[in-house]
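Engineer: What follows is model_21.cif, mmCIF, C-alpha atoms; chains and numbers go by the auth columns.
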data_run
loop_
_atom_site.group_PDB
_atom_site.id
_atom_site.type_symbol
_atom_site.label_atom_id
_atom_site.label_comp_id
_atom_site.label_asym_id
_atom_site.label_seq_id
_atom_site.Cartn_x
_atom_site.Cartn_y
_atom_site.Cartn_z
_atom_site.B_iso_or_equiv
_atom_site.auth_seq_id
_atom_site.auth_asym_id
ATOM 1 C CA ASP A 1 -54.241 -3.481 16.799 0.00 1 A
ATOM 2 C CA THR A 2 -53.642 -4.557 13.228 0.00 2 A
ATOM 3 C CA ALA A 3 -50.571 -2.868 11.784 0.00 3 A
ATOM 4 C CA VAL A 4 -51.373 -3.267 8.093 0.00 4 A
ATOM 5 C CA SER A 5 -54.939 -4.099 7.178 0.00 5 A
ATOM 6 C CA GLN A 6 -56.529 -4.888 3.857 0.00 6 A
ATOM 7 C CA THR A 7 -60.132 -5.147 2.766 0.00 7 A
ATOM 8 C CA PRO A 8 -61.644 -7.256 1.508 0.00 8 A
ATOM 9 C CA LYS A 9 -59.909 -10.466 2.475 0.00 9 A
ATOM 10 C CA TYR A 10 -61.598 -12.403 -0.312 0.00 10 A
ATOM 11 C CA LEU A 11 -62.918 -11.056 -3.587 0.00 11 A
ATOM 12 C CA VAL A 12 -64.696 -13.162 -6.191 0.00 12 A
ATOM 13 C CA THR A 13 -65.851 -11.344 -9.287 0.00 13 A
ATOM 14 C CA GLN A 14 -66.653 -11.705 -12.950 0.00 14 A
ATOM 15 C CA MET A 15 -64.343 -10.888 -15.809 0.00 15 A
ATOM 16 C CA GLY A 16 -64.716 -7.320 -17.001 0.00 16 A
ATOM 17 C CA ASN A 17 -65.740 -5.897 -13.639 0.00 17 A
ATOM 18 C CA ASP A 18 -63.966 -3.083 -11.821 0.00 18 A
ATOM 19 C CA LYS A 19 -62.917 -3.617 -8.219 0.00 19 A
ATOM 20 C CA SER A 20 -60.903 -1.907 -5.501 0.00 20 A
ATOM 21 C CA ILE A 21 -58.788 -3.206 -2.659 0.00 21 A
ATOM 22 C CA LYS A 22 -58.102 -0.964 0.290 0.00 22 A
ATOM 23 C CA CYS A 23 -55.033 -0.862 2.491 0.00 23 A
ATOM 24 C CA GLU A 24 -54.358 1.040 5.666 0.00 24 A
ATOM 25 C CA GLN A 25 -51.339 1.087 7.965 0.00 25 A
ATOM 26 C CA ASN A 26 -51.245 2.506 11.481 0.00 26 A
ATOM 27 C CA LEU A 27 -47.473 2.274 11.899 0.00 27 A
ATOM 28 C CA GLY A 28 -46.737 5.837 10.899 0.00 28 A
ATOM 29 C CA HIS A 29 -44.712 4.603 7.942 0.00 29 A
ATOM 30 C CA ASP A 30 -43.946 6.803 4.963 0.00 30 A
ATOM 31 C CA THR A 31 -43.761 4.101 2.308 0.00 31 A
ATOM 32 C CA MET A 32 -46.394 1.664 1.125 0.00 32 A
ATOM 33 C CA TYR A 33 -46.341 -1.097 -1.463 0.00 33 A
ATOM 34 C CA TRP A 34 -48.564 -3.379 -3.476 0.00 34 A
ATOM 35 C CA TYR A 35 -47.366 -6.871 -4.351 0.00 35 A
ATOM 36 C CA LYS A 36 -48.954 -9.601 -6.434 0.00 36 A
ATOM 37 C CA GLN A 37 -48.385 -13.222 -5.415 0.00 37 A
ATOM 38 C CA ASP A 38 -49.241 -15.765 -8.062 0.00 38 A
ATOM 39 C CA SER A 39 -50.284 -19.379 -7.645 0.00 39 A
ATOM 40 C CA LYS A 40 -46.639 -20.459 -7.467 0.00 40 A
ATOM 41 C CA LYS A 41 -46.075 -18.090 -4.538 0.00 41 A
ATOM 42 C CA PHE A 42 -43.879 -15.772 -6.589 0.00 42 A
ATOM 43 C CA LEU A 43 -44.039 -12.297 -5.087 0.00 43 A
ATOM 44 C CA LYS A 44 -43.755 -9.391 -7.462 0.00 44 A
ATOM 45 C CA ILE A 45 -43.818 -5.717 -6.624 0.00 45 A
ATOM 46 C CA MET A 46 -46.362 -3.649 -8.479 0.00 46 A
ATOM 47 C CA PHE A 47 -46.241 -0.179 -6.973 0.00 47 A
ATOM 48 C CA SER A 48 -44.670 1.774 -4.170 0.00 48 A
ATOM 49 C CA TYR A 49 -45.630 5.139 -2.757 0.00 49 A
ATOM 50 C CA ASN A 50 -43.548 7.326 -0.488 0.00 50 A
ATOM 51 C CA ASN A 51 -45.508 9.982 1.333 0.00 51 A
ATOM 52 C CA LYS A 52 -48.312 9.841 -1.244 0.00 52 A
ATOM 53 C CA GLU A 53 -45.887 10.049 -4.151 0.00 53 A
ATOM 54 C CA LEU A 54 -45.423 7.203 -6.624 0.00 54 A
ATOM 55 C CA ILE A 55 -41.825 5.968 -6.535 0.00 55 A
ATOM 56 C CA ILE A 56 -42.030 2.483 -8.031 0.00 56 A
ATOM 57 C CA ASN A 57 -44.242 1.582 -10.943 0.00 57 A
ATOM 58 C CA GLU A 58 -43.398 -1.793 -12.364 0.00 58 A
ATOM 59 C CA THR A 59 -44.557 -3.100 -15.696 0.00 59 A
ATOM 60 C CA VAL A 60 -48.151 -3.457 -14.733 0.00 60 A
ATOM 61 C CA PRO A 61 -51.141 -3.082 -17.070 0.00 61 A
ATOM 62 C CA ASN A 62 -52.632 0.368 -16.818 0.00 62 A
ATOM 63 C CA ARG A 63 -55.875 -1.291 -15.748 0.00 63 A
ATOM 64 C CA PHE A 64 -54.241 -1.224 -12.317 0.00 64 A
ATOM 65 C CA SER A 65 -54.237 2.180 -10.702 0.00 65 A
ATOM 66 C CA PRO A 66 -53.009 2.868 -7.172 0.00 66 A
ATOM 67 C CA LYS A 67 -54.343 5.771 -5.198 0.00 67 A
ATOM 68 C CA SER A 68 -52.872 7.193 -2.019 0.00 68 A
ATOM 69 C CA PRO A 69 -55.181 9.734 -0.367 0.00 69 A
ATOM 70 C CA ASP A 70 -52.739 10.079 2.528 0.00 70 A
ATOM 71 C CA LYS A 71 -49.603 8.334 3.639 0.00 71 A
ATOM 72 C CA ALA A 72 -51.524 5.841 5.770 0.00 72 A
ATOM 73 C CA HIS A 73 -53.613 4.559 2.876 0.00 73 A
ATOM 74 C CA LEU A 74 -52.787 2.983 -0.458 0.00 74 A
ATOM 75 C CA ASN A 75 -55.703 1.615 -2.423 0.00 75 A
ATOM 76 C CA LEU A 76 -55.561 -0.458 -5.583 0.00 76 A
ATOM 77 C CA HIS A 77 -58.201 -0.084 -8.243 0.00 77 A
ATOM 78 C CA ILE A 78 -58.441 -2.629 -11.041 0.00 78 A
ATOM 79 C CA ASN A 79 -60.466 -1.994 -14.187 0.00 79 A
ATOM 80 C CA SER A 80 -61.772 -4.606 -16.609 0.00 80 A
ATOM 81 C CA LEU A 81 -60.658 -7.583 -14.566 0.00 81 A
ATOM 82 C CA GLU A 82 -59.159 -10.521 -16.448 0.00 82 A
ATOM 83 C CA LEU A 83 -58.735 -14.176 -15.526 0.00 83 A
ATOM 84 C CA GLY A 84 -54.987 -13.668 -15.174 0.00 84 A
ATOM 85 C CA ASP A 85 -55.544 -11.112 -12.437 0.00 85 A
ATOM 86 C CA SER A 86 -56.516 -13.917 -10.074 0.00 86 A
ATOM 87 C CA ALA A 87 -53.879 -13.909 -7.351 0.00 87 A
ATOM 88 C CA VAL A 88 -53.255 -12.815 -3.801 0.00 88 A
ATOM 89 C CA TYR A 89 -52.506 -9.116 -3.484 0.00 89 A
ATOM 90 C CA PHE A 90 -50.453 -7.954 -0.534 0.00 90 A
ATOM 91 C CA CYS A 91 -50.097 -4.474 0.780 0.00 91 A
ATOM 92 C CA ALA A 92 -46.991 -3.639 2.806 0.00 92 A
ATOM 93 C CA SER A 93 -45.402 -0.637 4.446 0.00 93 A
ATOM 94 C CA SER A 94 -41.971 0.401 5.649 0.00 94 A
ATOM 95 C CA GLN A 95 -40.768 3.365 7.605 0.00 95 A
ATOM 96 C CA LEU A 96 -38.616 4.814 4.885 0.00 96 A
ATOM 97 C CA THR A 97 -37.053 3.781 1.655 0.00 97 A
ATOM 98 C CA GLY A 98 -33.635 4.625 0.378 0.00 98 A
ATOM 99 C CA SER A 99 -32.694 6.129 3.671 0.00 99 A
ATOM 100 C CA GLY A 100 -29.615 4.000 4.114 0.00 100 A
ATOM 101 C CA GLY A 101 -30.935 2.665 7.404 0.00 101 A
ATOM 102 C CA GLY A 102 -31.546 -1.055 7.214 0.00 102 A
ATOM 103 C CA ASP A 103 -33.920 -1.165 10.150 0.00 103 A
ATOM 104 C CA GLN A 104 -36.195 1.205 8.304 0.00 104 A
ATOM 105 C CA GLU A 105 -36.320 -1.048 5.288 0.00 105 A
ATOM 106 C CA THR A 106 -38.225 -3.831 6.988 0.00 106 A
ATOM 107 C CA GLN A 107 -41.561 -4.267 5.327 0.00 107 A
ATOM 108 C CA TYR A 108 -44.706 -5.088 7.248 0.00 108 A
ATOM 109 C CA PHE A 109 -47.270 -7.005 5.262 0.00 109 A
ATOM 110 C CA GLY A 110 -51.014 -7.085 5.392 0.00 110 A
ATOM 111 C CA PRO A 111 -52.893 -10.396 5.457 0.00 111 A
ATOM 112 C CA GLY A 112 -53.543 -10.363 1.715 0.00 112 A
ATOM 113 C CA THR A 113 -56.587 -10.123 -0.516 0.00 113 A
ATOM 114 C CA ARG A 114 -57.428 -13.270 -2.420 0.00 114 A
ATOM 115 C CA LEU A 115 -58.851 -12.229 -5.761 0.00 115 A
ATOM 116 C CA LEU A 116 -60.573 -14.773 -7.967 0.00 116 A
ATOM 117 C CA VAL A 117 -61.785 -13.681 -11.374 0.00 117 A
ATOM 118 C CA LEU A 118 -64.323 -16.002 -12.993 0.00 118 A
ATOM 119 C CA ALA B 1 -29.293 -4.464 -10.031 0.00 119 B
ATOM 120 C CA GLN B 2 -30.226 -7.024 -7.434 0.00 120 B
ATOM 121 C CA SER B 3 -31.461 -10.593 -7.705 0.00 121 B
ATOM 122 C CA VAL B 4 -32.127 -13.491 -5.376 0.00 122 B
ATOM 123 C CA THR B 5 -31.958 -17.224 -5.952 0.00 123 B
ATOM 124 C CA GLN B 6 -33.398 -19.675 -3.475 0.00 124 B
ATOM 125 C CA LEU B 7 -32.157 -23.172 -4.080 0.00 125 B
ATOM 126 C CA GLY B 8 -34.940 -25.688 -3.772 0.00 126 B
ATOM 127 C CA SER B 9 -38.590 -24.792 -4.038 0.00 127 B
ATOM 128 C CA HIS B 10 -39.369 -27.480 -1.451 0.00 128 B
ATOM 129 C CA VAL B 11 -37.373 -28.722 1.524 0.00 129 B
ATOM 130 C CA SER B 12 -38.525 -31.536 3.768 0.00 130 B
ATOM 131 C CA VAL B 13 -37.010 -32.307 7.173 0.00 131 B
ATOM 132 C CA SER B 14 -37.954 -34.427 10.134 0.00 132 B
ATOM 133 C CA GLU B 15 -38.985 -32.847 13.383 0.00 133 B
ATOM 134 C CA GLY B 16 -35.851 -32.172 15.431 0.00 134 B
ATOM 135 C CA ALA B 17 -33.554 -32.149 12.406 0.00 135 B
ATOM 136 C CA LEU B 18 -31.471 -29.269 11.134 0.00 136 B
ATOM 137 C CA VAL B 19 -33.196 -26.809 8.839 0.00 137 B
ATOM 138 C CA LEU B 20 -31.097 -25.281 6.055 0.00 138 B
ATOM 139 C CA LEU B 21 -32.686 -23.023 3.467 0.00 139 B
ATOM 140 C CA ARG B 22 -30.332 -21.659 0.865 0.00 140 B
ATOM 141 C CA CYS B 23 -30.256 -18.157 -0.539 0.00 141 B
ATOM 142 C CA ASN B 24 -27.777 -16.589 -2.928 0.00 142 B
ATOM 143 C CA TYR B 25 -27.974 -13.023 -4.065 0.00 143 B
ATOM 144 C CA SER B 26 -26.374 -10.658 -6.497 0.00 144 B
ATOM 145 C CA SER B 27 -26.119 -6.965 -5.887 0.00 145 B
ATOM 146 C CA SER B 28 -24.242 -4.117 -7.516 0.00 146 B
ATOM 147 C CA VAL B 29 -23.997 -2.343 -4.154 0.00 147 B
ATOM 148 C CA PRO B 30 -23.702 -3.536 -0.549 0.00 148 B
ATOM 149 C CA PRO B 31 -26.949 -5.286 0.232 0.00 149 B
ATOM 150 C CA TYR B 32 -29.492 -5.422 2.944 0.00 150 B
ATOM 151 C CA LEU B 33 -30.687 -9.021 3.264 0.00 151 B
ATOM 152 C CA PHE B 34 -33.891 -10.357 4.725 0.00 152 B
ATOM 153 C CA TRP B 35 -35.689 -13.585 5.438 0.00 153 B
ATOM 154 C CA TYR B 36 -39.455 -13.496 5.649 0.00 154 B
ATOM 155 C CA VAL B 37 -41.825 -16.316 6.571 0.00 155 B
ATOM 156 C CA GLN B 38 -45.336 -16.805 5.273 0.00 156 B
ATOM 157 C CA TYR B 39 -47.706 -19.114 7.099 0.00 157 B
ATOM 158 C CA PRO B 40 -50.711 -20.473 5.206 0.00 158 B
ATOM 159 C CA ASN B 41 -53.247 -17.806 4.300 0.00 159 B
ATOM 160 C CA GLN B 42 -51.242 -15.061 5.941 0.00 160 B
ATOM 161 C CA GLY B 43 -48.996 -12.210 4.900 0.00 161 B
ATOM 162 C CA LEU B 44 -45.225 -12.267 5.158 0.00 162 B
ATOM 163 C CA GLN B 45 -43.512 -11.474 8.419 0.00 163 B
ATOM 164 C CA LEU B 46 -39.876 -10.710 9.059 0.00 164 B
ATOM 165 C CA LEU B 47 -37.742 -13.501 10.495 0.00 165 B
ATOM 166 C CA LEU B 48 -34.416 -11.694 10.507 0.00 166 B
ATOM 167 C CA LYS B 49 -32.328 -9.219 8.583 0.00 167 B
ATOM 168 C CA TYR B 50 -28.745 -8.267 7.901 0.00 168 B
ATOM 169 C CA THR B 51 -27.963 -4.596 7.547 0.00 169 B
ATOM 170 C CA THR B 52 -24.425 -3.909 8.707 0.00 170 B
ATOM 171 C CA GLY B 53 -22.130 -5.204 11.421 0.00 171 B
ATOM 172 C CA ALA B 54 -22.175 -8.775 12.672 0.00 172 B
ATOM 173 C CA THR B 55 -22.577 -11.208 9.824 0.00 173 B
ATOM 174 C CA LEU B 56 -24.374 -13.821 11.904 0.00 174 B
ATOM 175 C CA VAL B 57 -27.848 -12.592 12.638 0.00 175 B
ATOM 176 C CA LYS B 58 -30.380 -14.165 14.900 0.00 176 B
ATOM 177 C CA GLY B 59 -34.082 -13.948 14.348 0.00 177 B
ATOM 178 C CA ILE B 60 -37.311 -15.093 15.849 0.00 178 B
ATOM 179 C CA ASN B 61 -38.262 -18.703 16.554 0.00 179 B
ATOM 180 C CA GLY B 62 -34.652 -19.871 16.823 0.00 180 B
ATOM 181 C CA PHE B 63 -33.678 -19.073 13.238 0.00 181 B
ATOM 182 C CA GLU B 64 -30.388 -17.527 12.258 0.00 182 B
ATOM 183 C CA ALA B 65 -28.597 -16.646 9.047 0.00 183 B
ATOM 184 C CA GLU B 66 -25.039 -15.794 8.132 0.00 184 B
ATOM 185 C CA PHE B 67 -24.062 -13.205 5.554 0.00 185 B
ATOM 186 C CA LYS B 68 -21.101 -14.486 3.565 0.00 186 B
ATOM 187 C CA LYS B 69 -19.958 -11.830 1.181 0.00 187 B
ATOM 188 C CA SER B 70 -17.369 -14.047 -0.524 0.00 188 B
ATOM 189 C CA GLU B 71 -20.059 -16.591 -1.331 0.00 189 B
ATOM 190 C CA THR B 72 -22.835 -14.033 -1.904 0.00 190 B
ATOM 191 C CA SER B 73 -24.999 -16.165 0.347 0.00 191 B
ATOM 192 C CA PHE B 74 -27.411 -15.668 3.200 0.00 192 B
ATOM 193 C CA HIS B 75 -28.531 -19.155 4.162 0.00 193 B
ATOM 194 C CA LEU B 76 -31.156 -19.630 6.857 0.00 194 B
ATOM 195 C CA THR B 77 -30.683 -22.272 9.526 0.00 195 B
ATOM 196 C CA LYS B 78 -32.358 -23.633 12.603 0.00 196 B
ATOM 197 C CA PRO B 79 -30.769 -26.395 14.678 0.00 197 B
ATOM 198 C CA SER B 80 -33.953 -28.306 15.418 0.00 198 B
ATOM 199 C CA ALA B 81 -37.104 -28.159 13.303 0.00 199 B
ATOM 200 C CA HIS B 82 -40.496 -27.918 14.896 0.00 200 B
ATOM 201 C CA MET B 83 -43.805 -28.796 13.297 0.00 201 B
ATOM 202 C CA SER B 84 -44.835 -25.158 13.582 0.00 202 B
ATOM 203 C CA ASP B 85 -41.952 -24.150 11.289 0.00 203 B
ATOM 204 C CA ALA B 86 -43.781 -25.542 8.275 0.00 204 B
ATOM 205 C CA ALA B 87 -44.311 -22.522 6.047 0.00 205 B
ATOM 206 C CA GLU B 88 -43.065 -20.697 2.968 0.00 206 B
ATOM 207 C CA TYR B 89 -39.784 -18.838 3.411 0.00 207 B
ATOM 208 C CA PHE B 90 -38.661 -15.926 1.278 0.00 208 B
ATOM 209 C CA CYS B 91 -35.199 -14.462 1.003 0.00 209 B
ATOM 210 C CA ALA B 92 -35.023 -10.834 -0.088 0.00 210 B
ATOM 211 C CA VAL B 93 -32.315 -8.354 -1.026 0.00 211 B
ATOM 212 C CA ARG B 94 -32.228 -4.607 -1.268 0.00 212 B
ATOM 213 C CA GLY B 95 -29.344 -2.397 -2.253 0.00 213 B
ATOM 214 C CA MET B 96 -28.132 0.116 0.291 0.00 214 B
ATOM 215 C CA GLY B 97 -28.998 3.667 -0.614 0.00 215 B
ATOM 216 C CA GLY B 98 -31.782 5.236 -2.544 0.00 216 B
ATOM 217 C CA GLY B 99 -33.461 4.027 -5.688 0.00 217 B
ATOM 218 C CA PHE B 100 -33.410 0.295 -4.970 0.00 218 B
ATOM 219 C CA LYS B 101 -36.368 -2.037 -4.669 0.00 219 B
ATOM 220 C CA THR B 102 -36.603 -5.031 -2.383 0.00 220 B
ATOM 221 C CA ILE B 103 -36.355 -8.122 -4.543 0.00 221 B
ATOM 222 C CA PHE B 104 -37.843 -11.345 -3.236 0.00 222 B
ATOM 223 C CA GLY B 105 -36.752 -14.850 -4.083 0.00 223 B
ATOM 224 C CA ALA B 106 -39.200 -17.407 -5.402 0.00 224 B
ATOM 225 C CA GLY B 107 -39.685 -18.910 -1.962 0.00 225 B
ATOM 226 C CA THR B 108 -38.907 -22.269 -0.379 0.00 226 B
ATOM 227 C CA ARG B 109 -41.677 -24.351 1.093 0.00 227 B
ATOM 228 C CA LEU B 110 -40.544 -26.100 4.281 0.00 228 B
ATOM 229 C CA PHE B 111 -42.244 -29.348 5.219 0.00 229 B
ATOM 230 C CA VAL B 112 -41.663 -30.833 8.671 0.00 230 B
ATOM 231 C CA LYS B 113 -42.373 -34.525 9.146 0.00 231 B
ATOM 232 C CA ALA B 114 -43.348 -35.971 12.502 0.00 232 B
#
Just give me the structure of the file as structure tokens.
Structural biologist:
Amino acid sequence: DTAVSQTPKYLVTQMGNDKSIKCEQNLGHDTMYWYKQDSKKFLKIMFSYNNKELIINETVPNRFSPKSPDKAHLNLHINSLELGDSAVYFCASSQLTGSGGGDQETQYFGPGTRLLVL
Amino acid sequence: AQSVTQLGSHVSVSEGALVLLRCNYSSSVPPYLFWYVQYPNQGLQLLLKYTTGATLVKGINGFEAEFKKSETSFHLTKPSAHMSDAAEYFCAVRGMGGGFKTIFGAGTRLFVKA
């Protein structure tokens, strides 16, 4: 069984379109994340939710809006796509955050969604 | 605040040779430290982590890392490289306690030559 899954795996779209990426985890974790990995492999956190509540919101254009319908799902909606949005987007989850327990900090990553904006 | 520096964006070793990937961190509080590996077209997976206790930690696939507080380092080693070790490796740090994010280094690409 896949622990953290993302759909779609590949997404090719035109500039100006709106698209969504879905993420689901079946690990029973409370915390979920979205990361953006650019062409140089640099991994940058975008958002984090703990039990459906936003806890990390980095400097990300407000065209990006995360939505967490329940703690097992964290979707990413992107409005008015731009060329610079082309990247690989990773979803991840961890059991807890800020709990003081290192084992619970391990993040489990999805396979990534490769977004190409033309 | 936390930060991570990985020395060398690319490291190339011969099969059977020692692998050494360097990671230095800065943290205002005691850190949790991680090494993740990313194989081509895949997500990151945990190799090993330091939380508390023994400073030499062993991970999967024969990798290990040593937390050296005095040097603020957490270098990753493997005695003998295998072709299957070729991948991107990320060091990450997170402050103990609430309110801290996991910060990833820029990654080091490991090449293994036959």
Engineer: I'd like to see the residues matched by the PyMOL selection byres ((chain A) within 12 of (chain B)) on this file, and ideally I'd get them as a PyMOL selection string.
Structural biologist: chain A and resi 3-6+9-10+31+33+35-50+55-58+88-94+96-114
Engineer: Please expand the PyMOL selection byres ((chain B and resi 174) around 8) into the concrete residues it hits in this file, giving the result as a VMD selection string.
Structural biologist: chain B and resid 172 to 173 175 to 176 182 to 185
Engineer: Mind checking which residues fall within 10 Å of stretch 76-85 of chain A, counting all atoms listed in the file, ignoring those fewer than 3 positions away in the same chain, and posting them as a PyMOL selection string?
Structural biologist: chain A and resi 13-23+34+36+38+47+61-68+88-89+91+115-118
Engineer: Around all the atoms of stretch 146-159 of chain B listed in the file, draw an axis-aligned box and extend it by 5 Å on each of the six sides; I want its centre and edge lengths in Å to one decimal, as AutoDock Vina command-line options.
Structural biologist:
--center_x -38.5 --center_y -11.4 --center_z -0.2 --size_x 39.5 --size_y 28.1 --size_z 24.6
Engineer: How many Å separate atom CA of B:Pro197 from atom CA of B:Ser130?
Structural biologist: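 Value for the atom CA of B:Pro197-atom CA of B:Ser130 distance: 14.3 Å.
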Engineer: Mind giving me the straight-line distance from atom CA of A:Pro69 to atom CA of A:Ser86 in Å, one decimal?
Structural biologist: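 Here the two named atoms are 25.6 Å from each other.
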Engineer: Give the answer as one residue: which of A:Leu11, A:Ala72, A:Ala87, A:Asn51 has the shortest atom-to-atom distance to A:Gln25, using only C-alpha atoms?
Structural biologist: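 Of the candidates, the smallest distance to A:Gln25 is held by A:Ala72.
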Engineer: Can you work out the spacing between atom CA of B:Ser132 and atom CA of B:Thr195 in Å, to one decimal?
Structural biologist: 14.2 Å
Engineer: I'd like the contact shell of B:Ala119 - 8 Å cut-off, all atoms listed in the file, skipping same-chain residues fewer than 6 positions apart - returned as a ChimeraX atom specification.
Structural biologist: /B:144-146
Engineer: Run the PyMOL selection byres ((chain B and resi 188-193) around 6) mentally over the shown coordinates, then write out the matched residues as a ChimeraX atom specification, using the chain letters and numbers from the document.
Structural biologist: /B:139-143,183-187,194
